[in-house]
>>> print(open('final-v4.pdb').read())   # PDB, C-alpha atoms and all ligand atoms
ATOM      1  CA  MET S   1     290.891  -4.044-125.747
ATOM      2  CA  ASP S   2     291.519  -0.374-125.041
ATOM      3  CA  HIS S   3     295.238   0.403-124.893
ATOM      4  CA  ALA S   4     294.934   4.178-124.436
ATOM      5  CA  ARG S   5     297.045   5.785-121.758
ATOM      6  CA  ARG S   6     294.411   7.013-119.395
ATOM      7  CA  ILE S   7     294.534   8.974-116.173
ATOM      8  CA  VAL S   8     291.934  10.377-113.781
ATOM      9  CA  MET S   9     291.861  13.916-112.430
ATOM     10  CA  SER S  10     289.093  15.367-110.237
ATOM     11  CA  SER S  11     287.620  18.755-111.017
ATOM     12  CA  PRO S  12     289.049  21.500-108.791
ATOM     13  CA  ASP S  13     285.702  23.339-108.691
ATOM     14  CA  HIS S  14     285.077  22.691-104.991
ATOM     15  CA  TYR S  15     288.695  22.447-103.926
ATOM     16  CA  GLU S  16     289.725  24.433-100.860
ATOM     17  CA  VAL S  17     291.813  23.975 -97.722
ATOM     18  CA  CYS S  18     289.246  24.265 -94.957
ATOM     19  CA  TYR S  19     290.365  21.630 -92.433
ATOM     20  CA  SER S  20     293.613  20.057 -91.405
ATOM     21  CA  ILE S  21     294.118  16.290 -91.498
ATOM     22  CA  ASN S  22     297.857  16.314 -92.202
ATOM     23  CA  PRO S  23     300.673  18.624 -91.054
ATOM     24  CA  TRP S  24     301.000  20.376 -94.446
ATOM     25  CA  MET S  25     297.425  21.679 -94.490
ATOM     26  CA  LYS S  26     297.074  25.406 -93.891
ATOM     27  CA  PRO S  27     293.419  26.457 -93.784
ATOM     28  CA  ASP S  28     294.408  29.918 -92.497
ATOM     29  CA  GLU S  29     296.513  30.616 -95.558
ATOM     30  CA  TRP S  30     293.656  29.631 -97.823
ATOM     31  CA  ALA S  31     291.142  31.662 -95.814
ATOM     32  CA  ALA S  32     293.242  34.833 -96.156
ATOM     33  CA  ASP S  33     291.965  35.216 -99.739
ATOM     34  CA  PRO S  34     289.798  32.276-100.789
ATOM     35  CA  VAL S  35     288.760  33.793-104.123
ATOM     36  CA  ALA S  36     292.335  34.325-105.289
ATOM     37  CA  ALA S  37     293.361  30.949-103.822
ATOM     38  CA  GLY S  38     290.604  29.183-105.765
ATOM     39  CA  ARG S  39     291.546  30.955-108.984
ATOM     40  CA  THR S  40     295.209  29.995-108.639
ATOM     41  CA  ALA S  41     294.303  26.413-107.791
ATOM     42  CA  ARG S  42     292.130  26.066-110.898
ATOM     43  CA  ALA S  43     294.891  27.488-113.118
ATOM     44  CA  GLN S  44     297.478  25.090-111.640
ATOM     45  CA  TRP S  45     295.124  22.141-112.083
ATOM     46  CA  SER S  46     294.603  23.054-115.752
ATOM     47  CA  ALA S  47     298.356  23.352-116.286
ATOM     48  CA  LEU S  48     298.866  19.853-114.882
ATOM     49  CA  GLY S  49     296.110  18.425-117.090
ATOM     50  CA  ASP S  50     297.543  20.166-120.166
ATOM     51  CA  ARG S  51     300.983  18.772-119.433
ATOM     52  CA  LEU S  52     299.633  15.230-119.131
ATOM     53  CA  ARG S  53     297.618  15.568-122.330
ATOM     54  CA  GLY S  54     300.743  16.919-124.018
ATOM     55  CA  LEU S  55     302.459  13.650-123.071
ATOM     56  CA  GLY S  56     299.706  11.686-124.806
ATOM     57  CA  LEU S  57     297.440  10.813-121.886
ATOM     58  CA  THR S  58     293.669  10.892-122.028
ATOM     59  CA  VAL S  59     292.394  12.661-118.907
ATOM     60  CA  GLU S  60     289.102  11.431-117.403
ATOM     61  CA  VAL S  61     287.612  14.092-115.133
ATOM     62  CA  VAL S  62     285.606  13.206-112.015
ATOM     63  CA  PRO S  63     283.015  15.862-111.140
ATOM     64  CA  ALA S  64     283.671  17.690-107.865
ATOM     65  CA  ALA S  65     281.208  17.888-104.987
ATOM     66  CA  PRO S  66     280.734  20.651-102.435
ATOM     67  CA  GLY S  67     282.029  19.822 -98.961
ATOM     68  CA  LEU S  68     284.535  17.250-100.289
ATOM     69  CA  PRO S  69     287.546  19.420-101.167
ATOM     70  CA  ASP S  70     290.076  16.560-101.070
ATOM     71  CA  MET S  71     288.274  14.726-103.868
ATOM     72  CA  VAL S  72     290.778  16.594-106.017
ATOM     73  CA  PHE S  73     293.269  13.846-105.008
ATOM     74  CA  PRO S  74     291.915  10.776-106.862
ATOM     75  CA  ALA S  75     295.069   8.708-106.212
ATOM     76  CA  ASN S  76     293.434   7.997-102.877
ATOM     77  CA  ALA S  77     290.221   6.724-104.448
ATOM     78  CA  ALA S  78     291.371   3.341-105.742
ATOM     79  CA  ILE S  79     294.144   0.983-106.791
ATOM     80  CA  VAL S  80     293.894   0.077-110.479
ATOM     81  CA  LEU S  81     295.827  -2.639-112.296
ATOM     82  CA  ASP S  82     294.972  -4.725-115.361
ATOM     83  CA  ARG S  83     291.584  -2.971-115.741
ATOM     84  CA  ARG S  84     290.531  -3.991-112.219
ATOM     85  CA  ALA S  85     289.846  -1.366-109.556
ATOM     86  CA  LEU S  86     289.833  -1.836-105.790
ATOM     87  CA  LEU S  87     288.153   1.159-104.202
ATOM     88  CA  ALA S  88     289.530   2.777-101.072
ATOM     89  CA  ARG S  89     288.166   3.185 -97.569
ATOM     90  CA  PHE S  90     289.179   6.512 -96.090
ATOM     91  CA  ARG S  91     290.378   6.800 -92.532
ATOM     92  CA  CYS S  92     289.419  10.446 -91.944
ATOM     93  CA  PRO S  93     285.712  11.215 -91.607
ATOM     94  CA  GLU S  94     286.360  14.391 -93.660
ATOM     95  CA  ARG S  95     287.038  12.205 -96.723
ATOM     96  CA  GLN S  96     284.640   9.285 -96.230
ATOM     97  CA  GLY S  97     281.915  11.007 -98.246
ATOM     98  CA  GLU S  98     284.134  10.634-101.316
ATOM     99  CA  GLU S  99     283.681   6.854-101.355
ATOM    100  CA  ALA S 100     280.146   6.817-102.794
ATOM    101  CA  LEU S 101     280.975   9.411-105.450
ATOM    102  CA  PHE S 102     284.100   7.627-106.613
ATOM    103  CA  LEU S 103     282.163   4.346-106.668
ATOM    104  CA  ALA S 104     279.595   5.900-109.017
ATOM    105  CA  PHE S 105     282.382   7.247-111.238
ATOM    106  CA  PHE S 106     284.223   3.920-111.407
ATOM    107  CA  ASP S 107     280.989   2.035-112.096
ATOM    108  CA  GLN S 108     280.471   4.367-115.018
ATOM    109  CA  LEU S 109     284.002   3.626-116.306
ATOM    110  CA  LYS S 110     283.079  -0.052-116.174
ATOM    111  CA  ARG S 111     279.868   0.545-118.099
ATOM    112  CA  ARG S 112     281.892   2.422-120.720
ATOM    113  CA  GLY S 113     284.247  -0.550-121.059
ATOM    114  CA  VAL S 114     287.297   1.260-119.649
ATOM    115  CA  LEU S 115     287.493  -1.147-116.683
ATOM    116  CA  ASP S 116     286.447  -4.781-116.286
ATOM    117  CA  GLU S 117     285.915  -4.956-112.556
ATOM    118  CA  VAL S 118     285.163  -2.528-109.722
ATOM    119  CA  ARG S 119     285.188  -3.633-106.073
ATOM    120  CA  GLN S 120     285.253  -1.793-102.763
ATOM    121  CA  LEU S 121     287.418  -2.762 -99.810
ATOM    122  CA  PRO S 122     285.369  -3.985 -96.849
ATOM    123  CA  GLN S 123     284.004  -1.141 -94.732
ATOM    124  CA  GLY S 124     286.425  -0.041 -92.010
ATOM    125  CA  LEU S 125     289.444  -1.699 -93.635
ATOM    126  CA  PHE S 126     291.133   1.656 -94.191
ATOM    127  CA  GLN S 127     293.309   1.781 -97.285
ATOM    128  CA  GLU S 128     293.791   5.007 -99.230
ATOM    129  CA  GLY S 129     294.212   3.774-102.776
ATOM    130  CA  ALA S 130     297.208   4.231-105.039
ATOM    131  CA  GLY S 131     298.486   6.892-102.636
ATOM    132  CA  ASP S 132     299.516   3.989-100.429
ATOM    133  CA  CYS S 133     299.988   1.335-103.111
ATOM    134  CA  ILE S 134     302.456   1.941-105.918
ATOM    135  CA  TRP S 135     302.866  -0.493-108.805
ATOM    136  CA  ASP S 136     306.434  -1.377-109.730
ATOM    137  CA  ALA S 137     306.254  -2.662-113.299
ATOM    138  CA  ARG S 138     309.924  -3.633-113.448
ATOM    139  CA  ARG S 139     309.701  -5.806-110.354
ATOM    140  CA  GLN S 140     306.064  -6.848-110.961
ATOM    141  CA  LEU S 141     305.014  -5.998-107.414
ATOM    142  CA  PHE S 142     303.232  -3.398-105.332
ATOM    143  CA  TRP S 143     305.010  -1.247-102.762
ATOM    144  CA  VAL S 144     302.364  -0.746-100.096
ATOM    145  CA  GLY S 145     302.437   1.897 -97.357
ATOM    146  CA  TYR S 146     300.727   1.544 -93.996
ATOM    147  CA  GLY S 147     300.880   2.946 -90.502
ATOM    148  CA  GLN S 148     299.502   6.448 -91.000
ATOM    149  CA  ARG S 149     296.267   6.309 -93.054
ATOM    150  CA  SER S 150     296.157   2.755 -94.386
ATOM    151  CA  LEU S 151     295.932  -0.155 -91.957
ATOM    152  CA  ALA S 152     298.575  -2.884 -91.962
ATOM    153  CA  LYS S 153     295.837  -5.474 -92.228
ATOM    154  CA  SER S 154     294.515  -3.957 -95.471
ATOM    155  CA  VAL S 155     297.663  -5.132 -97.258
ATOM    156  CA  ASP S 156     296.651  -8.808 -97.328
ATOM    157  CA  HIS S 157     293.363  -7.873 -98.927
ATOM    158  CA  VAL S 158     295.145  -5.853-101.632
ATOM    159  CA  ALA S 159     297.602  -8.692-102.270
ATOM    160  CA  SER S 160     294.883 -11.288-102.651
ATOM    161  CA  PHE S 161     292.597  -9.117-104.800
ATOM    162  CA  PHE S 162     295.344  -8.438-107.340
ATOM    163  CA  ALA S 163     297.197 -11.740-106.797
ATOM    164  CA  ARG S 164     300.490  -9.865-107.016
ATOM    165  CA  PRO S 165     303.443  -9.757-104.622
ATOM    166  CA  VAL S 166     303.537  -6.848-102.187
ATOM    167  CA  ARG S 167     306.335  -5.222-100.239
ATOM    168  CA  ARG S 168     305.095  -3.615 -97.020
ATOM    169  CA  LEU S 169     306.549  -0.282 -95.999
ATOM    170  CA  GLU S 170     305.758   1.204 -92.620
ATOM    171  CA  LEU S 171     305.335   4.981 -92.644
ATOM    172  CA  VAL S 172     306.534   6.461 -89.371
ATOM    173  CA  THR S 173     306.076  10.245 -89.634
ATOM    174  CA  PRO S 174     302.894  12.345 -89.844
ATOM    175  CA  HIS S 175     304.332  14.518 -92.637
ATOM    176  CA  PHE S 176     304.758  11.498 -94.925
ATOM    177  CA  TYR S 177     301.348  10.025 -94.295
ATOM    178  CA  HIS S 178     300.903   8.433 -97.721
ATOM    179  CA  LEU S 179     303.591   6.387 -99.444
ATOM    180  CA  ASP S 180     303.403   8.628-102.519
ATOM    181  CA  THR S 181     304.730  11.578-100.498
ATOM    182  CA  CYS S 182     308.050   9.817 -99.897
ATOM    183  CA  PHE S 183     308.444   7.037-102.484
ATOM    184  CA  CYS S 184     308.467   7.143-106.266
ATOM    185  CA  VAL S 185     309.034   4.222-108.625
ATOM    186  CA  LEU S 186     310.713   5.126-111.910
ATOM    187  CA  SER S 187     310.403   3.254-115.186
ATOM    188  CA  GLY S 188     314.119   2.419-115.312
ATOM    189  CA  GLY S 189     313.889   0.560-111.997
ATOM    190  CA  GLU S 190     315.137   3.398-109.810
ATOM    191  CA  ILE S 191     313.418   4.099-106.503
ATOM    192  CA  LEU S 192     313.420   7.767-105.554
ATOM    193  CA  TYR S 193     312.586   7.979-101.862
ATOM    194  CA  TYR S 194     313.004   9.766 -98.571
ATOM    195  CA  PRO S 195     314.340   7.069 -96.219
ATOM    196  CA  PRO S 196     313.528   8.774 -92.848
ATOM    197  CA  ALA S 197     309.817   8.487 -93.648
ATOM    198  CA  LEU S 198     310.146   4.680 -93.390
ATOM    199  CA  SER S 199     310.790   2.521 -90.337
ATOM    200  CA  PRO S 200     314.341   1.104 -90.077
ATOM    201  CA  GLN S 201     312.985  -2.344 -91.041
ATOM    202  CA  SER S 202     311.275  -0.912 -94.113
ATOM    203  CA  GLN S 203     314.436   0.954 -95.106
ATOM    204  CA  ALA S 204     316.271  -2.361 -94.877
ATOM    205  CA  LEU S 205     313.623  -4.012 -97.030
ATOM    206  CA  VAL S 206     314.074  -1.393 -99.763
ATOM    207  CA  ALA S 207     317.849  -1.844 -99.582
ATOM    208  CA  ALA S 208     317.466  -5.612 -99.889
ATOM    209  CA  GLU S 209     315.154  -5.366-102.900
ATOM    210  CA  VAL S 210     316.739  -2.479-104.784
ATOM    211  CA  PRO S 211     320.445  -2.399-105.648
ATOM    212  CA  ALA S 212     322.330   0.669-104.396
ATOM    213  CA  GLU S 213     322.795   2.116-107.888
ATOM    214  CA  LEU S 214     319.026   2.193-108.334
ATOM    215  CA  ARG S 215     318.272   3.889-105.011
ATOM    216  CA  ILE S 216     318.034   7.681-105.121
ATOM    217  CA  ALA S 217     317.669   9.258-101.674
ATOM    218  CA  ALA S 218     315.948  12.634-101.637
ATOM    219  CA  THR S 219     316.805  15.304 -99.085
ATOM    220  CA  ALA S 220     314.282  16.629 -96.559
ATOM    221  CA  GLU S 221     313.916  19.788 -98.681
ATOM    222  CA  GLU S 222     313.256  17.780-101.844
ATOM    223  CA  ALA S 223     310.653  15.683-100.063
ATOM    224  CA  ALA S 224     309.043  18.841 -98.668
ATOM    225  CA  ALA S 225     308.878  20.219-102.232
ATOM    226  CA  PHE S 226     306.703  17.168-103.061
ATOM    227  CA  SER S 227     309.199  16.122-105.734
ATOM    228  CA  LEU S 228     308.581  12.461-104.947
ATOM    229  CA  ASN S 229     304.892  12.851-105.623
ATOM    230  CA  ALA S 230     305.527  12.612-109.362
ATOM    231  CA  VAL S 231     303.835  11.039-112.378
ATOM    232  CA  ASN S 232     306.261   8.918-114.399
ATOM    233  CA  ILE S 233     305.422   8.078-117.996
ATOM    234  CA  GLY S 234     308.337   6.321-119.670
ATOM    235  CA  ARG S 235     311.232   8.777-119.415
ATOM    236  CA  ASP S 236     309.002  11.759-118.575
ATOM    237  CA  LEU S 237     308.428  12.866-115.007
ATOM    238  CA  VAL S 238     305.722  15.389-114.168
ATOM    239  CA  MET S 239     306.197  16.954-110.742
ATOM    240  CA  ALA S 240     305.816  20.093-108.690
ATOM    241  CA  SER S 241     308.659  22.517-109.496
ATOM    242  CA  PRO S 242     311.725  20.246-109.076
ATOM    243  CA  PRO S 243     314.635  21.401-106.874
ATOM    244  CA  PRO S 244     317.861  21.799-108.940
ATOM    245  CA  ARG S 245     319.935  19.016-107.327
ATOM    246  CA  LEU S 246     317.240  16.416-107.864
ATOM    247  CA  LYS S 247     316.480  17.624-111.367
ATOM    248  CA  ALA S 248     320.160  17.229-112.283
ATOM    249  CA  ILE S 249     320.309  13.698-110.824
ATOM    250  CA  LEU S 250     317.192  12.618-112.703
ATOM    251  CA  GLU S 251     318.245  14.208-115.974
ATOM    252  CA  ALA S 252     321.667  12.532-115.733
ATOM    253  CA  ARG S 253     319.779   9.230-115.596
ATOM    254  CA  GLY S 254     317.863  10.065-118.738
ATOM    255  CA  TYR S 255     314.608  11.402-117.316
ATOM    256  CA  HIS S 256     312.991  14.606-118.433
ATOM    257  CA  CYS S 257     311.459  16.597-115.545
ATOM    258  CA  HIS S 258     308.378  18.629-116.358
ATOM    259  CA  GLY S 259     307.914  21.066-113.496
ATOM    260  CA  VAL S 260     304.414  22.393-112.837
ATOM    261  CA  ASP S 261     303.660  24.907-110.077
ATOM    262  CA  LEU S 262     301.335  23.007-107.727
ATOM    263  CA  SER S 263     301.715  25.203-104.639
ATOM    264  CA  SER S 264     297.926  25.417-104.151
ATOM    265  CA  TYR S 265     297.787  21.648-103.680
ATOM    266  CA  MET S 266     300.945  21.388-101.578
ATOM    267  CA  LEU S 267     298.964  23.575 -99.177
ATOM    268  CA  SER S 268     296.774  20.502 -98.704
ATOM    269  CA  GLY S 269     299.658  18.015 -98.614
ATOM    270  CA  GLY S 270     299.524  16.816-102.201
ATOM    271  CA  ALA S 271     300.982  17.285-105.689
ATOM    272  CA  ALA S 272     301.143  15.676-109.148
ATOM    273  CA  TYR S 273     300.951  11.953-108.352
ATOM    274  CA  CYS S 274     298.032  12.190-105.949
ATOM    275  CA  MET S 275     296.145  14.686-108.142
ATOM    276  CA  THR S 276     295.924  11.846-110.647
ATOM    277  CA  LEU S 277     295.212   8.129-110.879
ATOM    278  CA  ARG S 278     296.496   5.961-113.729
ATOM    279  CA  LEU S 279     293.830   3.702-115.217
ATOM    280  CA  ASP S 280     296.124   2.072-117.749
ATOM    281  CA  LEU S 281     298.680   0.281-115.586
ATOM    282  CA  SER S 282     299.079  -3.322-116.527
ATOM    283  CA  SER S 283     301.367  -6.089-115.451
ATOM    284  CA  ARG S 284     303.831  -6.958-118.199
ATOM    285  CA  ALA S 285     303.001  -3.757-120.072
ATOM    286  CA  ALA S 286     304.590  -3.353-123.494
ATOM    287  CA  GLU S 287     305.705   0.174-122.628
ATOM    288  CA  ASP S 288     307.653  -0.973-119.615
ATOM    289  CA  ASN S 289     309.334  -3.737-121.581
ATOM    290  CA  ALA S 290     310.407  -1.153-124.155
ATOM    291  CA  VAL S 291     311.794   1.050-121.393
ATOM    292  CA  ALA S 292     313.609  -1.970-119.948
ATOM    293  CA  GLN S 293     315.461  -2.458-123.223
ATOM    294  CA  ASP S 294     317.026   0.974-123.262
ATOM    295  CA  CYS S 295     317.619   1.086-119.518
ATOM    296  CA  GLN S 296     321.265   1.806-118.761
ATOM    297  CA  TRP S 297     321.191  -0.269-115.568
ATOM    298  CA  THR S 298     321.295  -4.018-115.388
ATOM    299  CA  PHE S 299     318.170  -4.995-113.583
ATOM    300  CA  GLY S 300     317.082  -8.067-111.722
ATOM    301  CA  THR S 301     320.401  -9.866-111.741
TER     302      THR S 301
HETATM  303  N1  LIG C 401     294.515  16.768 -97.881
HETATM  304  C1  LIG C 401     294.592  15.452 -98.410
HETATM  305  C2  LIG C 401     294.609  14.425 -97.285
HETATM  306  O1  LIG C 401     295.178  14.706 -96.265
HETATM  307  C3  LIG C 401     295.782  15.306 -99.278
HETATM  308  C4  LIG C 401     295.892  13.948 -99.920
HETATM  309  C5  LIG C 401     297.065  13.825-100.784
HETATM  310  N2  LIG C 401     297.120  12.509-101.264
HETATM  311  C6  LIG C 401     298.226  11.751-101.341
HETATM  312  N3  LIG C 401     298.104  10.552-101.833
HETATM  313  N4  LIG C 401     299.375  12.179-100.950
HETATM  314  O2  LIG C 401     294.044  13.373 -97.392
END
>>> encode(input="final-v4.pdb", output="structure tokens", more="lines below")
Ligand code: ARG
Amino acid sequence: MDHARRIVMSSPDHYEVCYSINPWMKPDEWAADPVAAGRTARAQWSALGDRLRGLGLTVEVVPAAPGLPDMVFPANAAIVLDRRALLARFRCPERQGEEALFLAFFDQLKRRGVLDEVRQLPQGLFQEGAGDCIWDARRQLFWVGYGQRSLAKSVDHVASFFARPVRRLELVTPHFYHLDTCFCVLSGGEILYYPPALSPQSQALVAAEVPAELRIAATAEEAAAFSLNAVNIGRDLVMASPPPRLKAILEARGYHCHGVDLSSYMLSGGAAYCMTLRLDLSSRAAEDNAVAQDCQWTFGT
């Protein structure tokens, strides 16, 4: 059994912002100087990869393809847990061409013995991967977003494939179109989130599931800085340059924020979490149990 901490990133070689399928995307800004924009994007991508490697992760790189600039966001490609991958179906025609390429990549991971099983969601059952399905190791459940890109009816399929509990969260604003733009699960059991992105019923569901001392509400500015789109490895948090208030809150709770400038990707509506996809998440992971022991909060009582 391979216990390496492993994460996917997609090559930035064909990344650009040339269409607009969410309110953050600014093709005009990119087009003002595409050569410089591409150079900056590649440097930022490398800095993110270096940071993750520095934290002990093995980075698997998916080759890029011309005409599919958003392939650089592999969180949308699949949900992976316990070495089983469920591959996404994209809602926007601009991204549907990614499906076949990610399938080939995941099949290769299976052949290499990194994964045991690779399946695709049924055609037309739109669900955009781990971007809309976030594993909560402490609670042993998935938080699943729907209502913008992913369909509500995809959630049952996800729940039955992984045979894990799910908590459904309805996304109600176009700016927070994937759950990972407004909701971040931390290893100590905290939920860092931007409540206005969720319907009132979904906000109530979070409040019912997560005790008040574990709920951290981000401001609109912090959400717009993509601070919630973060990669959490134990007590380390890798995110786009963190705003000072949030950084102080997280550090007071024992997290170390690693800020990386990801402005080139925020121009497409994404940042650290969605530029990656963890392959090593497992239910009842040893790492999470270790984190649970030194957690300062009483959990699950
Ligand atoms: N431009 C991409 C899109 O709109 C950005 C995706 C970012 N992914 C995410 N999980 N937040 O699809």
>>> closest_atom_pairs(input="final-v4.pdb", of="chain S", to="ligand LIG 401 (chain C)", cutoff="7 Å", atoms="only C-alpha atoms and all ligand atoms", output="JSON lines")
{"residue": "S:Ile21", "atom": "CA", "partner": "C:LIG401", "partner_atom": "O1", "distance": 5.1}
{"residue": "S:Asn22", "atom": "CA", "partner": "C:LIG401", "partner_atom": "O1", "distance": 5.1}
{"residue": "S:Met25", "atom": "CA", "partner": "C:LIG401", "partner_atom": "N1", "distance": 6.6}
{"residue": "S:Asp70", "atom": "CA", "partner": "C:LIG401", "partner_atom": "C1", "distance": 5.4}
{"residue": "S:Phe73", "atom": "CA", "partner": "C:LIG401", "partner_atom": "N2", "distance": 5.5}
{"residue": "S:Ala75", "atom": "CA", "partner": "C:LIG401", "partner_atom": "N3", "distance": 5.6}
{"residue": "S:Asn76", "atom": "CA", "partner": "C:LIG401", "partner_atom": "N3", "distance": 5.4}
{"residue": "S:Gly131", "atom": "CA", "partner": "C:LIG401", "partner_atom": "N3", "distance": 3.8}
{"residue": "S:Asp132", "atom": "CA", "partner": "C:LIG401", "partner_atom": "N3", "distance": 6.9}
{"residue": "S:His178", "atom": "CA", "partner": "C:LIG401", "partner_atom": "N4", "distance": 5.2}
{"residue": "S:Asp180", "atom": "CA", "partner": "C:LIG401", "partner_atom": "N4", "distance": 5.6}
{"residue": "S:Thr181", "atom": "CA", "partner": "C:LIG401", "partner_atom": "N4", "distance": 5.4}
{"residue": "S:Ser268", "atom": "CA", "partner": "C:LIG401", "partner_atom": "N1", "distance": 4.4}
{"residue": "S:Gly269", "atom": "CA", "partner": "C:LIG401", "partner_atom": "C3", "distance": 4.8}
{"residue": "S:Gly270", "atom": "CA", "partner": "C:LIG401", "partner_atom": "C5", "distance": 4.1}
{"residue": "S:Cys274", "atom": "CA", "partner": "C:LIG401", "partner_atom": "N3", "distance": 4.4}
>>> resolve_selection(input="final-v4.pdb", expression="the PyMOL selection byres (((chain S and resi 246) around 12) and not hetatm)", output="MDAnalysis selection string")
chainID S and resid 192:193 216:223 225:228 237 239 241:245 247:253 255:257 259
>>> residues_around(input="final-v4.pdb", residues="Pro12 (chain S)", least_positions_apart="2", cutoff="10 Å", atoms="only C-alpha atoms", output="ChimeraX atom specification")
/S:9-10,14-16,38-39,41-46,61-65,69-73,275
>>> residues_around(input="final-v4.pdb", residues="Ala31 (chain S)", least_positions_apart="3", cutoff="9 Å", atoms="all atoms listed in the file", output="compact mmCIF listing (two decimals) with C-alpha atoms, in the frame of the given file")
# COMPACT_ATOMS: atom_id res chain seq x y z
CA GLU S 16 289.73 24.43 -100.86
CA VAL S 17 291.81 23.98 -97.72
CA CYS S 18 289.25 24.26 -94.96
CA LYS S 26 297.07 25.41 -93.89
CA PRO S 27 293.42 26.46 -93.78
CA ASP S 28 294.41 29.92 -92.50
CA PRO S 34 289.80 32.28 -100.79
CA VAL S 35 288.76 33.79 -104.12
CA ALA S 37 293.36 30.95 -103.82
>>> resolve_selection(input="final-v4.pdb", expression="the PyMOL selection byres (((chain S and resi 91) around 9) and not hetatm)", output="list in words")
Arg89, Phe90, Cys92, Pro93, Glu94, Arg95, Gln96, Gly124, Leu125, Phe126, Gln127, Glu128, Arg149, Ser150 and Leu151 of chain S
>>> closest_residue(input="final-v4.pdb", among="S:Gly129, S:Gly254, S:Gly145, S:Gly97", to="Gly188 (chain S)", atoms="all atoms listed in the file")
S:Gly254
>>> atom_distance(input="final-v4.pdb", atom1="CA of Leu198 (chain S)", atom2="CA of Asp156 (chain S)")
19.5 Å
>>> atom_distance(input="final-v4.pdb", atom1="CA of Val231 (chain S)", atom2="CA of Ala272 (chain S)")
6.3 Å
>>> closest_residue(input="final-v4.pdb", among="S:Ala207, S:Ala230, S:Leu186, S:Val8", to="Phe105 (chain S)", atoms="all atoms listed in the file")
S:Val8
>>> atom_distance(input="final-v4.pdb", atom1="CA of Leu87 (chain S)", atom2="CA of Asp136 (chain S)")
19.3 Å
>>> resolve_selection(input="final-v4.pdb", expression="the PyMOL selection byres (((chain S and resi 261) around 6) and not hetatm)", output="VMD selection string")
chain S and resid 240 to 241 260 262 to 263
>>> residues_around(input="final-v4.pdb", residues="Ile134 (chain S)", least_positions_apart="5", cutoff="10 Å", atoms="all atoms listed in the file", output="ChimeraX atom specification")
/S:79-80,129,141-145,166-167,179-180,183-185
>>> closest_residue(input="final-v4.pdb", among="S:Ala137, S:Leu57, S:Val155, S:Leu103", to="Ala77 (chain S)", atoms="only C-alpha atoms")
S:Leu103
>>> closest_residue(input="final-v4.pdb", among="S:Gln203, S:Thr40, S:Ser20, S:Thr58", to="Ala4 (chain S)", atoms="only C-alpha atoms")
S:Thr58
>>> axis_aligned_box(input="final-v4.pdb", around="region 82-93 of chain S", padding_each_side="5 Å", output="JSON")
{"center_x": 290.3, "center_y": 3.2, "center_z": -103.7, "size_x": 19.3, "size_y": 25.9, "size_z": 34.1}
>>> closest_residue(input="final-v4.pdb", among="S:Arg53, S:His258, S:Phe161, S:Ser11", to="Pro66 (chain S)", atoms="only C-alpha atoms")
S:Ser11
>>> closest_residue(input="final-v4.pdb", among="S:Ala271, S:Tyr19, S:Pro165, S:Val210", to="Leu68 (chain S)", atoms="only C-alpha atoms")
S:Tyr19
>>> residues_around(input="final-v4.pdb", residues="Arg84 (chain S)", least_positions_apart="2", cutoff="9 Å", atoms="only C-alpha atoms", output="list in words")
Ile79, Val80, Leu81, Asp82, Leu86, Leu115, Asp116, Glu117, Val118, Arg119, Phe162 and Leu279 of chain S
>>> residues_around(input="final-v4.pdb", residues="Thr173 (chain S)", least_positions_apart="6", cutoff="10 Å", atoms="all atoms listed in the file", output="MDAnalysis selection string")
chainID S and resid 147:148 196:199
>>> build_atoms(input="final-v4.pdb", residues="region 144-151 of chain S", atoms="N, CA, C and O atoms", output="PDB file, in the frame of the given file")
ATOM      1  N   VAL S 144     303.582  -1.136-100.815  1.00  0.00           N
ATOM      2  CA  VAL S 144     302.364  -0.746-100.096  1.00  0.00           C
ATOM      3  C   VAL S 144     302.730  -0.045 -98.788  1.00  0.00           C
ATOM      4  O   VAL S 144     303.515  -0.577 -97.987  1.00  0.00           O
ATOM      5  N   GLY S 145     302.176   1.138 -98.574  1.00  0.00           N
ATOM      6  CA  GLY S 145     302.437   1.897 -97.357  1.00  0.00           C
ATOM      7  C   GLY S 145     301.332   1.674 -96.328  1.00  0.00           C
ATOM      8  O   GLY S 145     300.162   1.505 -96.687  1.00  0.00           O
ATOM      9  N   TYR S 146     301.716   1.652 -95.057  1.00  0.00           N
ATOM     10  CA  TYR S 146     300.727   1.544 -93.996  1.00  0.00           C
ATOM     11  C   TYR S 146     301.277   2.239 -92.757  1.00  0.00           C
ATOM     12  O   TYR S 146     302.460   2.595 -92.702  1.00  0.00           O
ATOM     13  N   GLY S 147     300.401   2.429 -91.787  1.00  0.00           N
ATOM     14  CA  GLY S 147     300.880   2.946 -90.502  1.00  0.00           C
ATOM     15  C   GLY S 147     300.443   4.367 -90.204  1.00  0.00           C
ATOM     16  O   GLY S 147     300.482   4.791 -89.054  1.00  0.00           O
ATOM     17  N   GLN S 148     300.040   5.113 -91.243  1.00  0.00           N
ATOM     18  CA  GLN S 148     299.502   6.448 -91.000  1.00  0.00           C
ATOM     19  C   GLN S 148     298.002   6.431 -91.348  1.00  0.00           C
ATOM     20  O   GLN S 148     297.169   6.447 -90.458  1.00  0.00           O
ATOM     21  N   ARG S 149     297.671   6.366 -92.640  1.00  0.00           N
ATOM     22  CA  ARG S 149     296.267   6.309 -93.054  1.00  0.00           C
ATOM     23  C   ARG S 149     295.798   4.863 -93.288  1.00  0.00           C
ATOM     24  O   ARG S 149     294.743   4.465 -92.832  1.00  0.00           O
ATOM     25  N   SER S 150     296.585   4.116 -94.053  1.00  0.00           N
ATOM     26  CA  SER S 150     296.157   2.755 -94.386  1.00  0.00           C
ATOM     27  C   SER S 150     296.553   1.797 -93.272  1.00  0.00           C
ATOM     28  O   SER S 150     297.619   1.934 -92.670  1.00  0.00           O
ATOM     29  N   LEU S 151     295.681   0.833 -93.010  1.00  0.00           N
ATOM     30  CA  LEU S 151     295.932  -0.155 -91.957  1.00  0.00           C
ATOM     31  C   LEU S 151     296.831  -1.267 -92.472  1.00  0.00           C
ATOM     32  O   LEU S 151     296.687  -1.712 -93.616  1.00  0.00           O
TER      33      LEU S 151
END
